[in-house]
>>> print(open('final-v5.cif').read())   # mmCIF, C-alpha atoms
data_target
loop_
_atom_site.label_atom_id
_atom_site.label_comp_id
_atom_site.auth_asym_id
_atom_site.auth_seq_id
_atom_site.Cartn_x
_atom_site.Cartn_y
_atom_site.Cartn_z
CA MET A 1 4.60 -24.58 21.65
CA ALA A 2 5.71 -22.99 18.38
CA ASN A 3 3.08 -20.97 16.59
CA GLN A 4 1.29 -22.53 13.65
CA LYS A 5 2.00 -20.97 10.28
CA MET A 6 -0.01 -19.81 7.29
CA THR A 7 1.06 -18.46 3.94
CA ILE A 8 -1.07 -16.81 1.27
CA ILE A 9 -0.20 -16.03 -2.33
CA SER A 10 -2.11 -12.88 -3.25
CA SER A 11 -2.28 -12.69 -7.04
CA LYS A 12 -5.30 -10.48 -7.73
CA GLY A 13 -5.47 -6.69 -7.59
CA SER A 14 -9.19 -6.00 -7.66
CA LEU A 15 -10.99 -4.62 -4.62
CA ASP A 16 -13.02 -7.78 -4.03
CA MET A 17 -10.02 -10.07 -4.34
CA ALA A 18 -7.82 -7.97 -2.05
CA TYR A 19 -10.13 -8.66 0.87
CA PRO A 20 -9.77 -12.44 1.38
CA PRO A 21 -5.98 -12.49 1.83
CA LEU A 22 -6.00 -9.55 4.23
CA ILE A 23 -9.00 -10.74 6.27
CA LEU A 24 -7.49 -14.20 6.64
CA ALA A 25 -4.00 -12.88 7.38
CA THR A 26 -5.09 -10.45 10.10
CA THR A 27 -7.43 -12.99 11.69
CA ALA A 28 -4.78 -15.72 11.61
CA ALA A 29 -2.32 -13.34 13.26
CA SER A 30 -4.91 -12.67 15.97
CA MET A 31 -5.11 -16.45 16.47
CA ASP A 32 -1.35 -16.59 17.00
CA PHE A 33 -0.39 -17.88 13.56
CA ASP A 34 2.84 -16.68 11.96
CA VAL A 35 1.58 -15.34 8.64
CA THR A 36 3.33 -14.63 5.34
CA ILE A 37 1.67 -13.04 2.31
CA PHE A 38 3.44 -13.26 -1.04
CA PHE A 39 2.17 -10.58 -3.43
CA THR A 40 2.58 -11.46 -7.08
CA PHE A 41 1.23 -10.34 -10.45
CA TYR A 42 -1.81 -8.07 -9.96
CA GLY A 43 -1.70 -8.63 -6.20
CA LEU A 44 1.26 -6.24 -6.16
CA ASP A 45 -1.19 -3.35 -6.55
CA ILE A 46 -2.35 -3.91 -2.98
CA ILE A 47 1.08 -3.01 -1.60
CA LYS A 48 1.97 -0.20 -3.99
CA LYS A 49 2.24 3.12 -2.17
CA GLY A 50 -1.11 4.89 -2.03
CA MET A 51 -2.95 2.12 -3.88
CA ALA A 52 -4.62 0.13 -1.10
CA ASP A 53 -7.71 2.31 -1.01
CA LYS A 54 -7.80 2.93 -4.77
CA LEU A 55 -8.38 -0.67 -5.88
CA LYS A 56 -11.37 -1.14 -8.16
CA VAL A 57 -13.92 -3.81 -8.92
CA SER A 58 -15.45 -4.36 -12.36
CA PRO A 59 -19.00 -5.56 -12.97
CA LEU A 60 -17.85 -6.93 -16.33
CA GLY A 61 -17.92 -10.71 -16.59
CA ASN A 62 -19.25 -11.11 -13.07
CA PRO A 63 -22.89 -12.22 -13.11
CA ALA A 64 -22.92 -12.38 -9.30
CA MET A 65 -22.05 -8.69 -8.87
CA PRO A 66 -24.92 -7.14 -6.92
CA MET A 67 -26.46 -4.22 -8.85
CA PRO A 68 -29.38 -1.99 -7.91
CA VAL A 69 -31.02 -2.95 -11.23
CA PRO A 70 -30.07 -5.76 -13.62
CA ILE A 71 -27.40 -4.44 -16.00
CA PRO A 72 -26.90 -6.04 -19.44
CA THR A 73 -23.31 -7.17 -19.98
CA LEU A 74 -22.78 -4.75 -22.87
CA ILE A 75 -23.67 -1.79 -20.64
CA SER A 76 -20.99 -2.91 -18.19
CA THR A 77 -18.37 -1.99 -20.79
CA LEU A 78 -19.35 1.68 -20.79
CA PRO A 79 -17.09 4.32 -19.21
CA GLY A 80 -17.98 4.96 -15.59
CA MET A 81 -19.43 1.54 -14.89
CA GLU A 82 -16.29 0.36 -13.11
CA ALA A 83 -16.19 3.48 -10.96
CA MET A 84 -19.86 3.03 -10.14
CA ALA A 85 -19.45 -0.62 -9.17
CA THR A 86 -16.40 0.27 -7.07
CA ALA A 87 -18.17 3.09 -5.25
CA MET A 88 -21.15 0.83 -4.64
CA MET A 89 -19.08 -1.99 -3.20
CA LYS A 90 -17.08 0.37 -0.97
CA SER A 91 -20.27 1.91 0.35
CA MET A 92 -21.75 -1.55 1.05
CA PHE A 93 -18.62 -2.60 2.94
CA ASN A 94 -18.52 0.65 4.86
CA LYS A 95 -22.19 0.43 5.80
CA HIS A 96 -21.62 -3.01 7.29
CA GLY A 97 -18.60 -1.98 9.34
CA VAL A 98 -16.04 -3.81 7.21
CA ALA A 99 -12.54 -2.33 7.41
CA SER A 100 -11.03 -0.76 4.28
CA ILE A 101 -8.16 -2.48 2.49
CA GLY A 102 -5.77 0.20 3.77
CA THR A 103 -6.87 -0.39 7.35
CA LEU A 104 -6.51 -4.15 7.03
CA LEU A 105 -3.07 -3.71 5.51
CA ASP A 106 -2.02 -1.51 8.44
CA LEU A 107 -3.45 -4.03 10.92
CA ALA A 108 -1.60 -6.85 9.15
CA LYS A 109 1.72 -5.02 9.43
CA GLU A 110 1.03 -4.06 13.02
CA SER A 111 0.32 -7.67 13.98
CA GLY A 112 3.55 -8.91 12.45
CA VAL A 113 2.30 -10.37 9.17
CA LYS A 114 5.31 -10.79 6.89
CA LEU A 115 4.81 -9.21 3.48
CA ILE A 116 6.82 -10.29 0.44
CA ALA A 117 6.69 -8.67 -3.00
CA CYS A 118 7.50 -10.81 -6.02
CA GLN A 119 10.64 -9.26 -7.51
CA MET A 120 10.19 -10.99 -10.87
CA THR A 121 6.69 -9.58 -11.37
CA MET A 122 7.96 -6.16 -10.32
CA ASP A 123 10.72 -6.31 -12.95
CA VAL A 124 8.31 -7.44 -15.68
CA MET A 125 5.73 -4.78 -14.79
CA GLY A 126 8.26 -2.01 -14.24
CA VAL A 127 7.54 -1.62 -10.54
CA LYS A 128 10.42 -0.22 -8.48
CA GLN A 129 11.13 -1.18 -4.86
CA SER A 130 10.51 2.48 -4.00
CA ASP A 131 6.96 2.11 -5.39
CA ILE A 132 6.16 -0.45 -2.68
CA ILE A 133 5.08 0.43 0.86
CA ASP A 134 7.62 0.20 3.68
CA GLY A 135 8.14 -3.01 5.61
CA VAL A 136 7.94 -5.34 2.61
CA ALA A 137 10.62 -7.91 1.74
CA PHE A 138 11.52 -8.66 -1.88
CA GLY A 139 12.00 -12.18 -3.18
CA GLY A 140 10.79 -14.97 -5.39
CA ALA A 141 9.34 -18.46 -5.48
CA ALA A 142 12.03 -19.91 -3.23
CA MET A 143 11.23 -17.44 -0.48
CA TRP A 144 7.55 -18.40 -0.52
CA LEU A 145 8.35 -22.13 -0.69
CA ASP A 146 10.63 -21.83 2.29
CA ALA A 147 7.80 -20.32 4.35
CA ALA A 148 5.14 -22.63 2.89
CA ALA A 149 7.08 -25.82 3.60
CA ASP A 150 6.70 -25.21 7.34
CA ALA A 151 3.12 -23.96 7.20
CA GLN A 152 -0.08 -25.83 8.04
CA ILE A 153 -2.18 -23.60 5.76
CA ASN A 154 -1.14 -22.41 2.29
CA LEU A 155 -3.59 -20.54 0.09
CA PHE A 156 -3.45 -19.21 -3.47
CA ILE A 157 -5.85 -16.33 -3.96
CA MET B 1 -27.62 -11.68 34.25
CA SER B 2 -23.92 -11.82 34.85
CA ALA B 3 -23.51 -10.19 38.20
CA ASP B 4 -21.34 -13.13 39.16
CA ILE B 5 -18.70 -12.33 36.56
CA LYS B 6 -16.27 -9.56 37.44
CA VAL B 7 -15.49 -7.59 34.28
CA ASP B 8 -12.10 -5.89 34.03
CA GLN B 9 -12.51 -4.26 30.64
CA VAL B 10 -15.32 -3.62 28.16
CA LEU B 11 -14.97 -3.62 24.37
CA ASP B 12 -17.71 -2.18 22.19
CA ALA B 13 -17.47 -3.88 18.79
CA LYS B 14 -21.07 -3.23 17.81
CA GLY B 15 -21.63 -2.34 14.16
CA LEU B 16 -18.37 -3.94 13.05
CA SER B 17 -18.08 -6.88 10.68
CA CYS B 18 -15.57 -9.68 10.29
CA PRO B 19 -12.71 -9.60 11.03
CA LEU B 20 -12.75 -6.44 13.19
CA PRO B 21 -14.56 -7.82 16.29
CA ILE B 22 -11.96 -10.59 16.52
CA LEU B 23 -8.98 -8.30 15.84
CA LYS B 24 -10.16 -5.82 18.47
CA THR B 25 -10.82 -8.62 20.96
CA LYS B 26 -7.27 -9.90 20.45
CA LYS B 27 -5.82 -6.43 21.04
CA ALA B 28 -7.91 -5.89 24.15
CA VAL B 29 -7.09 -9.29 25.65
CA GLU B 30 -3.40 -8.56 25.17
CA THR B 31 -3.71 -5.60 27.54
CA LEU B 32 -5.14 -7.79 30.32
CA THR B 33 -3.26 -9.92 32.79
CA LYS B 34 -3.99 -13.60 33.24
CA ASN B 35 -7.46 -14.45 34.64
CA GLN B 36 -8.82 -10.95 33.97
CA VAL B 37 -12.12 -10.80 32.08
CA LEU B 38 -12.98 -8.88 28.93
CA LYS B 39 -16.59 -8.16 28.08
CA VAL B 40 -17.14 -7.82 24.31
CA GLU B 41 -20.34 -6.59 22.72
CA THR B 42 -20.97 -7.31 19.02
CA THR B 43 -23.75 -7.20 16.47
CA ASP B 44 -22.09 -9.39 13.82
CA PRO B 45 -24.04 -12.69 13.80
CA GLY B 46 -20.88 -14.46 12.62
CA SER B 47 -19.04 -13.36 15.73
CA LYS B 48 -20.79 -15.96 17.87
CA ASN B 49 -18.99 -18.88 16.27
CA ASP B 50 -15.91 -16.83 15.39
CA MET B 51 -15.31 -15.89 19.01
CA ALA B 52 -15.52 -19.53 20.09
CA SER B 53 -12.99 -20.54 17.42
CA TRP B 54 -10.69 -17.67 18.28
CA ALA B 55 -10.76 -18.51 21.98
CA LYS B 56 -10.17 -22.22 21.36
CA ARG B 57 -7.18 -21.47 19.15
CA THR B 58 -5.60 -18.90 21.45
CA GLY B 59 -6.22 -20.80 24.66
CA ASN B 60 -8.57 -18.21 26.16
CA GLU B 61 -11.89 -19.07 27.73
CA VAL B 62 -15.35 -17.81 26.81
CA LEU B 63 -17.04 -17.87 30.22
CA LYS B 64 -20.44 -16.89 28.95
CA VAL B 65 -22.30 -15.67 25.85
CA GLU B 66 -25.48 -13.63 26.10
CA GLU B 67 -27.74 -13.06 23.11
CA GLY B 68 -29.98 -10.03 23.07
CA SER B 69 -32.02 -8.52 20.26
CA GLY B 70 -29.35 -8.40 17.57
CA THR B 71 -26.49 -8.19 20.02
CA PHE B 72 -24.04 -10.69 21.43
CA THR B 73 -22.15 -10.25 24.68
CA PHE B 74 -19.11 -12.37 25.38
CA TYR B 75 -17.26 -12.72 28.67
CA ILE B 76 -13.73 -13.82 27.88
CA LYS B 77 -11.21 -14.83 30.50
CA LYS B 78 -7.59 -14.34 29.56
CA SER B 79 -6.26 -17.81 30.20
CA ALA B 80 -3.14 -17.94 28.08
#
>>> encode(input="final-v5.cif", output="structure tokens")
Amino acid sequence: MANQKMTIISSKGSLDMAYPPLILATTAASMDFDVTIFFTFYGLDIIKKGMADKLKVSPLGNPAMPMPVPIPTLISTLPGMEAMATAMMKSMFNKHGVASIGTLLDLAKESGVKLIACQMTMDVMGVKQSDIIDGVAFGGAAMWLDAAADAQINLFI
Amino acid sequence: MSADIKVDQVLDAKGLSCPLPILKTKKAVETLTKNQVLKVETTDPGSKNDMASWAKRTGNEVLKVEEGSGTFTFYIKKSA
């Protein structure tokens, strides 16, 4: 029986939004799915060399962000707040035995997840192919559609 | 207890959260031959249902699940 297929469009480059595509991709691969992730717009940051473990999360505009004490929105705009929120989230993940983004990315590659970088976004944002980690294919909407047309699960994150 | 189940390999996935227990289980099962049994220990409460879904999807069999105080022990037979 041919493997089932899943594709994910990863369009966000914040720490919290990098997790869902990579958790789902690695788990699907472990369940014998053929998986493709298409990185576009801010999602490209996840596959830039040396960036996977430098992604940040901002408390600004996110009322659900857990904080040790309630923080007024205006305070969230101050310098250092983003770094604090990022450090806090990383420490929470680490404490609970959640893999880092870099680890999940390695596991995804190791388990055969196909990674595609959106060439158009790269051109617009001035990202060179040499800025992207090894093992990534470069393409556009047609490449994703080709994979998605045969997939049982297609997600936009 | 599970004296009746012959365990071929043990995987300690305690302290790890989703998706690591599943990913490590997959890797470990791949090293077994058919009908061998992997014992997996976890502390992630989500792993109980996750392991069942994983096994169903990959055609492997969860022979037994034991729940202790905050721990889960799975006996998985490589069936695929």
>>> closest_residue(input="final-v5.cif", among="B:Leu38, B:Cys18, B:Val62, B:Met51", to="chain A", atoms="all atoms listed in the file")
B:Cys18
>>> atom_distance(input="final-v5.cif", atom1="CA of Asn154 (chain A)", atom2="CA of Asp50 (chain B)")
20.5 Å
>>> closest_atom_pairs(input="final-v5.cif", of="chain A", to="chain B", cutoff="9 Å", atoms="all atoms listed in the file", output="Markdown table")
| residue | atom | partner | partner_atom | distance |
| --- | --- | --- | --- | --- |
| A:Ile23 | CA | B:Pro19 | CA | 6.1 |
| A:Leu24 | CA | B:Pro19 | CA | 8.2 |
| A:Thr26 | CA | B:Leu23 | CA | 7.3 |
| A:Thr27 | CA | B:Pro19 | CA | 6.3 |
| A:Ala29 | CA | B:Leu23 | CA | 8.7 |
| A:Ser30 | CA | B:Lys26 | CA | 5.8 |
| A:Met31 | CA | B:Thr58 | CA | 5.6 |
| A:Asp32 | CA | B:Thr58 | CA | 6.6 |
| A:Phe93 | CA | B:Ser17 | CA | 8.9 |
| A:Lys95 | CA | B:Gly15 | CA | 8.8 |
| A:His96 | CA | B:Ser17 | CA | 6.2 |
| A:Gly97 | CA | B:Leu16 | CA | 4.2 |
| A:Val98 | CA | B:Ser17 | CA | 5.1 |
| A:Ala99 | CA | B:Leu20 | CA | 7.1 |
| A:Leu107 | CA | B:Leu23 | CA | 8.5 |
>>> resolve_selection(input="final-v5.cif", expression="the PyMOL selection byres ((chain A and resi 155) around 7)", output="list in words")
Thr7, Ile8, Ile9, Ile153, Asn154, Phe156 and Ile157 of chain A
>>> axis_aligned_box(input="final-v5.cif", around="region 91-107 of chain A", padding_each_side="4 Å", output="AutoDock Vina command-line options")
--center_x -12.1 --center_y -1.1 --center_z 5.6 --size_x 28.2 --size_y 14.1 --size_z 18.6
>>> atom_distance(input="final-v5.cif", atom1="CA of Val65 (chain B)", atom2="CA of Ala28 (chain A)")
22.6 Å
>>> atom_distance(input="final-v5.cif", atom1="CA of Asp123 (chain A)", atom2="CA of Ala52 (chain A)")
20.4 Å
>>> build_atoms(input="final-v5.cif", residues="region 6-33 of chain A", atoms="N, CA and C atoms", output="tab-separated table (two decimals), keeping the file's coordinate frame")
chain	number	residue	atom	x	y	z
A	6	MET	N	0.84	-19.89	8.49
A	6	MET	CA	-0.01	-19.81	7.29
A	6	MET	C	0.69	-18.95	6.26
A	7	THR	N	0.61	-19.35	5.00
A	7	THR	CA	1.06	-18.46	3.94
A	7	THR	C	-0.07	-18.27	2.93
A	8	ILE	N	-0.08	-17.11	2.30
A	8	ILE	CA	-1.07	-16.81	1.27
A	8	ILE	C	-0.34	-16.22	0.08
A	9	ILE	N	-0.67	-16.70	-1.11
A	9	ILE	CA	-0.20	-16.03	-2.33
A	9	ILE	C	-1.34	-15.14	-2.79
A	10	SER	N	-1.09	-13.85	-2.85
A	10	SER	CA	-2.11	-12.88	-3.25
A	10	SER	C	-1.81	-12.45	-4.68
A	11	SER	N	-2.62	-12.91	-5.63
A	11	SER	CA	-2.28	-12.69	-7.04
A	11	SER	C	-3.27	-11.80	-7.78
A	12	LYS	N	-4.27	-11.29	-7.06
A	12	LYS	CA	-5.30	-10.48	-7.73
A	12	LYS	C	-5.31	-9.06	-7.17
A	13	GLY	N	-5.54	-8.09	-8.04
A	13	GLY	CA	-5.47	-6.69	-7.59
A	13	GLY	C	-6.79	-5.96	-7.64
A	14	SER	N	-7.90	-6.70	-7.69
A	14	SER	CA	-9.19	-6.00	-7.66
A	14	SER	C	-9.65	-5.87	-6.21
A	15	LEU	N	-10.53	-4.91	-5.99
A	15	LEU	CA	-10.99	-4.62	-4.62
A	15	LEU	C	-11.54	-5.86	-3.94
A	16	ASP	N	-12.40	-6.60	-4.65
A	16	ASP	CA	-13.02	-7.78	-4.03
A	16	ASP	C	-12.00	-8.87	-3.72
A	17	MET	N	-10.99	-8.99	-4.56
A	17	MET	CA	-10.02	-10.07	-4.34
A	17	MET	C	-8.86	-9.66	-3.42
A	18	ALA	N	-8.83	-8.40	-3.03
A	18	ALA	CA	-7.82	-7.97	-2.05
A	18	ALA	C	-8.29	-8.29	-0.64
A	19	TYR	N	-9.60	-8.41	-0.48
A	19	TYR	CA	-10.13	-8.66	0.87
A	19	TYR	C	-9.76	-10.02	1.46
A	20	PRO	N	-10.01	-11.13	0.74
A	20	PRO	CA	-9.77	-12.44	1.38
A	20	PRO	C	-8.37	-12.63	1.96
A	21	PRO	N	-7.30	-12.29	1.22
A	21	PRO	CA	-5.98	-12.49	1.83
A	21	PRO	C	-5.77	-11.67	3.10
A	22	LEU	N	-6.25	-10.43	3.08
A	22	LEU	CA	-6.00	-9.55	4.23
A	22	LEU	C	-6.88	-9.89	5.43
A	23	ILE	N	-8.12	-10.32	5.16
A	23	ILE	CA	-9.00	-10.74	6.27
A	23	ILE	C	-8.42	-12.00	6.92
A	24	LEU	N	-8.02	-12.94	6.09
A	24	LEU	CA	-7.49	-14.20	6.64
A	24	LEU	C	-6.15	-13.97	7.35
A	25	ALA	N	-5.32	-13.11	6.77
A	25	ALA	CA	-4.00	-12.88	7.38
A	25	ALA	C	-4.13	-12.21	8.74
A	26	THR	N	-4.96	-11.16	8.83
A	26	THR	CA	-5.09	-10.45	10.10
A	26	THR	C	-5.75	-11.34	11.16
A	27	THR	N	-6.75	-12.12	10.73
A	27	THR	CA	-7.43	-12.99	11.69
A	27	THR	C	-6.48	-14.09	12.16
A	28	ALA	N	-5.74	-14.66	11.22
A	28	ALA	CA	-4.78	-15.72	11.61
A	28	ALA	C	-3.76	-15.16	12.59
A	29	ALA	N	-3.28	-13.95	12.34
A	29	ALA	CA	-2.32	-13.34	13.26
A	29	ALA	C	-2.94	-13.19	14.65
A	30	SER	N	-4.24	-12.84	14.68
A	30	SER	CA	-4.91	-12.67	15.97
A	30	SER	C	-5.11	-14.02	16.67
A	31	MET	N	-5.00	-15.11	15.90
A	31	MET	CA	-5.11	-16.45	16.47
A	31	MET	C	-3.73	-17.07	16.65
A	32	ASP	N	-2.72	-16.20	16.69
A	32	ASP	CA	-1.35	-16.59	17.00
A	32	ASP	C	-0.65	-17.42	15.91
A	33	PHE	N	-1.13	-17.28	14.67
A	33	PHE	CA	-0.39	-17.88	13.56
A	33	PHE	C	0.74	-16.92	13.15
